[in-house]
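Below is the file my_file-v7.cif, which contains mmCIF, C-alpha atoms.
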```
data_query
loop_
_atom_site.label_atom_id
_atom_site.label_comp_id
_atom_site.auth_asym_id
_atom_site.auth_seq_id
_atom_site.Cartn_x
_atom_site.Cartn_y
_atom_site.Cartn_z
CA MET A 255 -40.05 3.12 -14.57
CA THR A 256 -36.71 4.77 -13.74
CA ARG A 257 -35.42 4.26 -10.22
CA HIS A 258 -33.64 7.26 -8.73
CA LYS A 259 -30.77 6.74 -6.33
CA PRO A 260 -31.11 8.33 -2.89
CA LEU A 261 -29.25 11.61 -2.45
CA TRP A 262 -26.85 10.19 0.14
CA LEU A 263 -25.77 7.46 -2.30
CA LEU A 264 -25.05 10.05 -5.00
CA ALA A 265 -22.88 12.02 -2.57
CA ALA A 266 -21.23 8.93 -1.07
CA PRO A 267 -18.35 8.60 -3.63
CA VAL A 268 -17.21 12.20 -3.09
CA VAL A 269 -17.34 12.03 0.71
CA PHE A 270 -15.67 8.62 0.74
CA LEU A 271 -12.83 9.72 -1.54
CA LEU A 272 -12.07 12.84 0.48
CA LEU A 273 -12.04 11.05 3.83
CA TRP A 274 -10.19 7.95 2.59
CA SER A 275 -7.56 9.89 0.65
CA GLY A 276 -6.85 12.24 3.54
CA GLY A 277 -6.29 9.23 5.76
CA PHE A 278 -2.94 8.40 4.11
CA SER A 279 -1.31 11.69 5.06
CA VAL A 280 -2.91 11.65 8.51
CA ALA A 281 -1.80 8.06 9.10
CA LYS A 282 1.74 9.01 8.12
CA LEU A 283 1.65 11.73 10.77
CA GLY A 284 0.25 9.31 13.35
CA ILE A 285 2.84 6.60 12.71
CA SER A 286 5.60 9.09 13.44
CA HIS A 287 4.36 9.06 17.05
CA ALA A 288 3.61 5.33 17.44
CA GLU A 289 4.48 1.94 15.99
CA PRO A 290 2.19 0.78 13.15
CA LEU A 291 0.30 -2.16 14.69
CA SER A 292 0.08 -0.43 18.06
CA PHE A 293 -1.39 2.62 16.35
CA LEU A 294 -3.97 0.45 14.55
CA ALA A 295 -4.89 -1.39 17.75
CA VAL A 296 -5.54 1.87 19.62
CA ARG A 297 -7.50 3.21 16.63
CA TYR A 298 -9.74 0.15 16.55
CA ALA A 299 -10.19 0.15 20.32
CA CYS A 300 -11.38 3.77 20.14
CA VAL A 301 -13.84 2.92 17.36
CA CYS A 302 -15.26 0.02 19.37
CA ALA A 303 -15.56 2.26 22.44
CA LEU A 304 -17.57 4.78 20.40
CA LEU A 305 -19.82 2.16 18.82
CA ALA A 306 -20.60 0.26 22.04
CA PRO A 307 -22.94 2.92 23.54
CA LEU A 308 -24.59 3.38 20.14
CA VAL A 309 -25.42 -0.33 20.06
CA ALA A 310 -26.82 -0.09 23.60
CA VAL A 311 -28.94 3.01 22.90
CA LEU A 312 -30.14 2.27 19.37
CA GLN A 313 -30.58 -1.49 19.92
CA PRO A 314 -30.30 -2.12 16.16
CA PRO A 315 -31.52 -5.40 14.66
CA LEU A 316 -28.83 -8.07 14.84
CA PRO A 317 -27.87 -10.43 12.02
CA PRO A 318 -30.33 -13.34 12.17
CA ARG A 319 -27.98 -16.16 11.17
CA ALA A 320 -24.65 -17.32 12.57
CA MET A 321 -23.07 -17.18 9.10
CA ASP A 322 -23.97 -13.49 8.80
CA TRP A 323 -21.76 -12.83 11.84
CA VAL A 324 -19.00 -14.93 10.30
CA HIS A 325 -19.10 -13.03 7.00
CA LEU A 326 -18.93 -9.68 8.81
CA ALA A 327 -15.93 -10.88 10.81
CA ILE A 328 -14.15 -12.17 7.69
CA VAL A 329 -14.48 -8.79 5.96
CA GLY A 330 -13.17 -7.14 9.15
CA VAL A 331 -10.14 -9.42 9.27
CA LEU A 332 -9.36 -8.89 5.56
CA ILE A 333 -9.78 -5.10 5.45
CA GLN A 334 -9.12 -3.85 8.99
CA GLY A 335 -6.59 -6.47 10.02
CA ALA A 336 -4.74 -7.53 6.87
CA TYR A 337 -5.08 -4.54 4.52
CA PHE A 338 -4.31 -1.75 6.98
CA GLY A 339 -1.86 -3.81 9.01
CA LEU A 340 0.22 -4.86 6.00
CA SER A 341 0.09 -1.36 4.48
CA TYR A 342 1.46 0.20 7.67
CA LEU A 343 4.11 -2.50 7.99
CA SER A 344 5.16 -1.82 4.40
CA PHE A 345 5.76 1.85 5.25
CA LYS A 346 7.65 0.81 8.36
CA ALA A 347 9.87 -1.51 6.27
CA GLY A 348 10.99 1.44 4.15
CA VAL A 349 8.77 1.29 1.07
CA SER A 350 7.95 4.75 -0.25
CA ALA A 351 4.39 6.07 -0.27
CA GLY A 352 4.45 5.95 -4.07
CA GLY A 353 5.56 2.33 -4.04
CA VAL A 354 2.72 1.24 -1.76
CA ALA A 355 0.17 3.32 -3.66
CA ILE A 356 0.98 1.89 -7.08
CA ILE A 357 0.83 -1.69 -5.77
CA VAL A 358 -2.49 -1.23 -3.94
CA CYS A 359 -3.83 0.69 -6.95
CA LEU A 360 -3.92 -2.59 -8.88
CA GLN A 361 -6.98 -3.59 -6.82
CA PRO A 362 -9.59 -2.56 -9.44
CA ILE A 363 -7.82 -4.69 -12.06
CA LEU A 364 -7.84 -7.75 -9.78
CA VAL A 365 -11.48 -7.13 -8.90
CA GLY A 366 -12.35 -6.86 -12.60
CA ILE A 367 -10.62 -10.17 -13.33
CA ILE A 368 -12.09 -12.10 -10.40
CA ALA A 369 -15.56 -10.52 -10.14
CA PRO A 370 -17.18 -12.38 -13.09
CA ARG A 371 -16.42 -15.76 -11.50
CA PHE A 372 -16.79 -14.88 -7.83
CA THR A 373 -19.80 -12.55 -7.85
CA GLY A 374 -21.29 -13.19 -11.30
CA GLU A 375 -20.75 -9.55 -12.29
CA ARG A 376 -19.81 -8.96 -15.91
CA VAL A 377 -17.18 -6.29 -16.64
CA SER A 378 -17.78 -4.60 -20.00
CA LEU A 379 -15.09 -3.50 -22.47
CA LEU A 380 -15.95 0.13 -21.72
CA ARG A 381 -15.34 -0.47 -18.04
CA TRP A 382 -12.06 -2.25 -18.76
CA ALA A 383 -10.99 0.82 -20.76
CA GLY A 384 -11.85 3.03 -17.79
CA LEU A 385 -9.91 0.79 -15.40
CA GLY A 386 -6.85 0.89 -17.63
CA LEU A 387 -7.05 4.66 -18.03
CA GLY A 388 -7.41 5.09 -14.28
CA LEU A 389 -4.36 2.93 -13.62
CA ALA A 390 -2.31 4.94 -16.12
CA GLY A 391 -3.34 8.20 -14.44
CA ALA A 392 -2.55 6.97 -10.94
CA ALA A 393 0.84 5.66 -12.07
CA THR A 394 1.60 9.02 -13.71
CA VAL A 395 0.92 10.88 -10.45
CA ILE A 396 3.06 8.51 -8.41
CA LEU A 397 6.00 8.45 -10.84
CA SER A 398 5.93 12.24 -11.18
CA ARG A 399 6.53 12.63 -7.44
CA SER A 400 9.66 10.48 -7.15
CA SER A 401 12.04 8.62 -9.39
CA PRO A 402 11.82 4.82 -9.36
CA GLU A 403 13.95 3.30 -6.61
CA LEU A 404 14.77 -0.07 -5.12
CA GLU A 405 12.33 -0.94 -2.36
CA HIS A 406 12.80 -3.24 0.59
CA PRO A 407 11.73 -6.78 -0.47
CA LEU A 408 9.82 -7.44 2.76
CA GLY A 409 8.00 -4.13 2.41
CA VAL A 410 7.03 -4.91 -1.19
CA LEU A 411 5.68 -8.30 -0.11
CA SER A 412 3.68 -6.58 2.64
CA ALA A 413 2.19 -4.14 0.13
CA ALA A 414 1.33 -7.02 -2.21
CA GLY A 415 -0.37 -8.78 0.70
CA ALA A 416 -2.36 -5.59 1.42
CA LEU A 417 -3.47 -5.55 -2.22
CA LEU A 418 -4.73 -9.13 -1.99
CA ALA A 419 -6.46 -8.40 1.31
CA ILE A 420 -8.45 -5.35 0.11
CA THR A 421 -9.38 -7.21 -3.09
CA ALA A 422 -10.58 -10.26 -1.15
CA GLY A 423 -12.46 -8.11 1.35
CA THR A 424 -14.25 -6.19 -1.41
CA LEU A 425 -15.28 -9.34 -3.27
CA TRP A 426 -16.34 -11.13 -0.07
CA GLU A 427 -18.56 -8.22 0.94
CA LYS A 428 -20.17 -8.14 -2.51
CA ARG A 429 -20.76 -11.91 -2.58
CA PHE A 430 -21.88 -12.53 1.01
CA GLY A 431 -22.59 -9.10 2.52
CA LYS A 432 -26.13 -8.11 3.43
CA SER A 433 -27.77 -4.85 4.44
CA HIS A 434 -27.17 -5.12 8.17
CA HIS A 435 -27.42 -2.07 10.38
CA PRO A 436 -24.23 -0.01 9.85
CA VAL A 437 -23.52 0.24 13.60
CA VAL A 438 -23.64 -3.55 13.92
CA SER A 439 -21.55 -4.11 10.78
CA ASN A 440 -18.87 -1.67 11.90
CA ALA A 441 -18.79 -2.99 15.46
CA VAL A 442 -18.24 -6.58 14.36
CA GLN A 443 -15.62 -5.69 11.76
CA TYR A 444 -13.59 -3.43 14.03
CA LEU A 445 -13.71 -5.98 16.81
CA ALA A 446 -12.27 -8.44 14.29
CA GLY A 447 -9.59 -5.91 13.34
CA LEU A 448 -8.76 -5.32 17.00
CA ALA A 449 -8.53 -9.07 17.60
CA CYS A 450 -5.95 -9.27 14.78
CA THR A 451 -3.78 -6.27 15.57
CA LEU A 452 -3.72 -6.09 19.38
CA PRO A 453 -2.03 -9.48 20.04
CA LEU A 454 0.57 -8.80 17.33
CA ALA A 455 1.28 -5.32 18.67
CA MET A 456 1.68 -6.64 22.22
CA ALA A 457 3.95 -9.45 21.05
CA PHE A 458 6.23 -7.67 18.55
CA GLU A 459 6.10 -3.96 19.42
CA SER A 460 6.78 -1.89 22.51
CA PHE A 461 3.17 -0.57 22.53
CA SER A 462 4.35 2.91 23.49
CA PHE A 463 2.91 6.20 22.22
CA GLU A 464 3.68 9.91 22.18
CA TRP A 465 0.43 11.33 23.56
CA ASN A 466 0.81 14.79 22.03
CA VAL A 467 -1.62 17.00 20.09
CA PRO A 468 -0.60 15.86 16.56
CA PHE A 469 -1.00 12.20 17.55
CA LEU A 470 -4.42 12.80 19.14
CA LEU A 471 -5.66 14.80 16.14
CA ALA A 472 -4.49 12.08 13.74
CA LEU A 473 -6.16 9.43 15.88
CA ALA A 474 -9.43 11.40 16.01
CA TYR A 475 -9.51 11.83 12.22
CA LEU A 476 -8.81 8.18 11.53
CA VAL A 477 -11.32 6.94 14.11
CA ILE A 478 -14.25 9.15 13.07
CA GLY A 479 -13.51 10.07 9.45
CA ASN A 480 -11.93 6.88 8.14
CA SER A 481 -13.06 4.08 10.41
CA ILE A 482 -16.69 5.07 10.94
CA ILE A 483 -17.86 7.36 8.13
CA ALA A 484 -15.69 6.26 5.18
CA MET A 485 -15.94 2.53 5.89
CA SER A 486 -19.73 2.75 6.28
CA LEU A 487 -19.97 4.51 2.92
CA LEU A 488 -17.66 1.98 1.24
CA LEU A 489 -19.68 -1.02 2.42
CA ALA A 490 -22.95 0.69 1.48
CA MET A 491 -21.68 1.47 -2.04
CA ILE A 492 -20.46 -2.10 -2.53
CA ARG A 493 -23.88 -3.47 -1.59
CA ALA A 494 -25.79 -0.91 -3.66
CA GLY A 495 -23.72 -1.01 -6.86
CA GLU A 496 -21.51 -3.17 -9.01
CA VAL A 497 -18.26 -3.99 -7.28
CA SER A 498 -15.98 -3.09 -10.21
CA ARG A 499 -17.53 0.40 -10.40
CA VAL A 500 -16.93 0.96 -6.70
CA SER A 501 -13.37 -0.39 -6.95
CA SER A 502 -12.60 2.07 -9.76
CA LEU A 503 -12.87 4.85 -7.15
CA PHE A 504 -9.57 3.66 -5.68
CA TYR A 505 -7.77 5.01 -8.76
CA LEU A 506 -8.51 8.52 -7.49
CA VAL A 507 -7.08 7.81 -4.03
CA PRO A 508 -3.34 8.17 -4.92
CA PRO A 509 -3.83 11.49 -6.81
CA LEU A 510 -6.09 12.90 -4.09
CA SER A 511 -3.69 11.70 -1.40
CA ALA A 512 -0.84 13.43 -3.18
CA LEU A 513 -2.90 16.60 -3.43
CA MET A 514 -3.75 16.54 0.29
CA ALA A 515 -0.13 15.81 1.22
CA TRP A 516 0.81 19.20 -0.22
CA PRO A 517 -0.59 21.32 2.66
CA LEU A 518 -0.33 18.60 5.34
CA LEU A 519 3.19 17.30 4.67
CA GLY A 520 4.66 19.98 2.40
CA GLU A 521 4.90 17.56 -0.55
CA ALA A 522 4.11 19.64 -3.65
CA MET A 523 2.61 17.98 -6.73
CA PRO A 524 4.60 18.61 -9.95
CA PRO A 525 2.85 19.58 -13.24
CA LEU A 526 2.97 16.00 -14.57
CA GLY A 527 1.13 14.90 -11.45
CA TRP A 528 -1.78 17.21 -12.25
CA ALA A 529 -1.99 15.66 -15.73
CA GLY A 530 -2.10 12.21 -14.15
CA PHE A 531 -4.85 13.39 -11.78
CA VAL A 532 -7.03 14.41 -14.76
CA LEU A 533 -6.27 11.10 -16.51
CA ALA A 534 -7.25 9.08 -13.46
CA ALA A 535 -10.46 11.06 -13.02
CA GLY A 536 -11.39 10.40 -16.65
CA GLY A 537 -10.79 6.68 -16.17
CA VAL A 538 -13.04 6.58 -13.10
CA LEU A 539 -15.83 8.42 -14.90
CA LEU A 540 -15.58 5.99 -17.81
CA ALA A 541 -15.55 2.93 -15.56
CA ARG A 542 -18.57 4.16 -13.57
CA ARG A 543 -20.80 4.83 -16.59
#
```
Can the structure in the file be given as structure tokens, please?
Amino acid sequence: MTRHKPLWLLAAPVVFLLLWSGGFSVAKLGISHAEPLSFLAVRYACVCALLAPLVAVLQPPLPPRAMDWVHLAIVGVLIQGAYFGLSYLSFKAGVSAGGVAIIVCLQPILVGIIAPRFTGERVSLLRWAGLGLGLAGAATVILSRSSPELEHPLGVLSAAGALLAITAGTLWEKRFGKSHHPVVSNAVQYLAGLACTLPLAMAFESFSFEWNVPFLLALAYLVIGNSIIAMSLLLAMIRAGEVSRVSSLFYLVPPLSALMAWPLLGEAMPPLGWAGFVLAAGGVLLARR
């Protein structure tokens, strides 16, 4: 008997990709009005403030075991604290958007290599072909937008650390994650992210902000669109499907981000970039078959 996926799960990849990809351009706008870790700390504090009344009103079931809380916190530290924190620090250190994107875009390859041993998930030759095609498409988009240049070594190391963090967080969620209530999962993980970023922001940054309309709009988008909706969809897709198929979606993030940066930041995509976009999309479709 064939099992049909729920409608929300079929729509989840599209909604996730749009919200997640738009977050790069919006975050770039937000960082121009605040320091990176300070911006993340305020973002996470706002998310926690929104989730707290939901927890009180809905009274969702809590994780039954102590280790369930620990696993949720670990994923929060890896993705919210390490991945986003290191990515923003890499931009601050002077690495171009293309440089960060191409490094983080290696995540599906790392997941495909590690997943068979860590989660027991087998990656087929067809899926490997899709992963390789997706990587080639994403690289084409990035290279079409700017010529290769020397990047700041510290920024490159930060981007590499972000790559390891998102890979580890994805695999940890697949191996140990359970179907907890999304409000509880998000609350624990963003509290963990806040616990990582706030002390560092207070210690190493001025923790000052330009409270203007562009900053507030960027903050609102990242809090609601990225932190609540997109992250909930990402965790749900990881639990519901094979982790390498979900990770292949990240190949579409750099092309979509470049496309969204056109109206938001005035960064037009050259013709070669459109070809890379099509190539990346084909790789994702192949990997998700």
Quiz item: the PyMOL selection byres ((chain A and resi 422-438) around 7) on the file shown: which residues, as a ChimeraX atom specification?
Solution: /A:305,309,314-317,325,329,332-333,369,373,418-421,439-442,486,492-493,497
Quiz prompt | Gap from CA of Pro508 in chain A to CA of Leu389 in chain A - Å, one decimal | solution =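 Pair CA of Pro508 in chain A / CA of Leu389 in chain A returns 10.2 Å.
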Quiz item: Around (-12.0, 6.8, 9.7) in the file's own coordinates, what residues are found within 10 Å if you use only C-alpha atoms, given back as a PyMOL selection string?
Solution: chain A and resi 270+273-274+276-277+297-298+301+473-486
Self-check item: Answer as an MDAnalysis selection string, residues within 12 Å of (3.2, -6.0, 1.8) using all atoms listed in the file
Solution: chainID A and resid 336:350 353:355 357:358 405:420
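Once the PyMOL selection byres ((chain A and resi 267) around 9) is applied to this file, the selection holds Leu263, Leu264, Ala265, Ala266, Val268, Val269, Phe270, Leu271, Leu272, Leu487, Leu488, Met491, Val500 and Leu503 of chain A.
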Self-check item: Selected residue, from A:Leu533, A:Pro290, A:Leu510, A:Pro318, that lies nearest to Ser275 in chain A when counting only C-alpha atoms
Solution: A:Leu510
Quiz prompt | Gap from CA of Ala383 in chain A to CA of Trp528 in chain A - Å, one decimal | solution =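 These atoms are spaced 20.6 Å apart.
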Quiz item: What is the CA of Leu387 in chain A to CA of Ala490 in chain A distance in Å?
Solution: 25.5 Å
Practice problem: Select, from A:Gly384, A:Gln361, A:Phe278, A:Cys302, the residue with the minimum atom-to-atom distance to Ala449 in chain A, counting all atoms listed in the file. | Solution: A:Cys302
Self-check item: Nearest candidate to Gln334 in chain A (options A:Phe293, A:Phe458, A:Tyr444, A:Phe504; using only C-alpha atoms)
Solution: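 Result for the nearest residue to Gln334 in chain A: A:Tyr444.
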Practice problem: Do a neighbour search on Leu518 in chain A at 12 Å with all atoms listed in the file, toss out local chain neighbours closer than 4 positions, and write the hits as a ChimeraX atom specification. | Solution: /A:276-283,468,472,511-514,522
Quiz item: Of the candidates A:Ala457, A:Cys359, A:Ala299, A:Leu448, which one gets nearest to Gly330 in chain A if we count only C-alpha atoms?
Solution: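 Result for the nearest residue to Gly330 in chain A: A:Leu448.
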Under the PyMOL selection byres ((chain A and resi 465) around 12), which residues of this model are included? Write them out as a PDB file with C-alpha atoms, in the coordinates of the input.
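This is the output file selection.pdb:
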```pdb
ATOM      1  CA  GLY A 284       0.250   9.310  13.350  1.00  0.00           C
ATOM      2  CA  SER A 286       5.600   9.090  13.440  1.00  0.00           C
ATOM      3  CA  HIS A 287       4.360   9.060  17.050  1.00  0.00           C
ATOM      4  CA  ALA A 288       3.610   5.330  17.440  1.00  0.00           C
ATOM      5  CA  PHE A 293      -1.390   2.620  16.350  1.00  0.00           C
ATOM      6  CA  VAL A 296      -5.540   1.870  19.620  1.00  0.00           C
ATOM      7  CA  SER A 462       4.350   2.910  23.490  1.00  0.00           C
ATOM      8  CA  PHE A 463       2.910   6.200  22.220  1.00  0.00           C
ATOM      9  CA  GLU A 464       3.680   9.910  22.180  1.00  0.00           C
ATOM     10  CA  ASN A 466       0.810  14.790  22.030  1.00  0.00           C
ATOM     11  CA  VAL A 467      -1.620  17.000  20.090  1.00  0.00           C
ATOM     12  CA  PRO A 468      -0.600  15.860  16.560  1.00  0.00           C
ATOM     13  CA  PHE A 469      -1.000  12.200  17.550  1.00  0.00           C
ATOM     14  CA  LEU A 470      -4.420  12.800  19.140  1.00  0.00           C
ATOM     15  CA  LEU A 471      -5.660  14.800  16.140  1.00  0.00           C
ATOM     16  CA  ALA A 472      -4.490  12.080  13.740  1.00  0.00           C
ATOM     17  CA  LEU A 473      -6.160   9.430  15.880  1.00  0.00           C
TER      18      LEU A 473
END
```
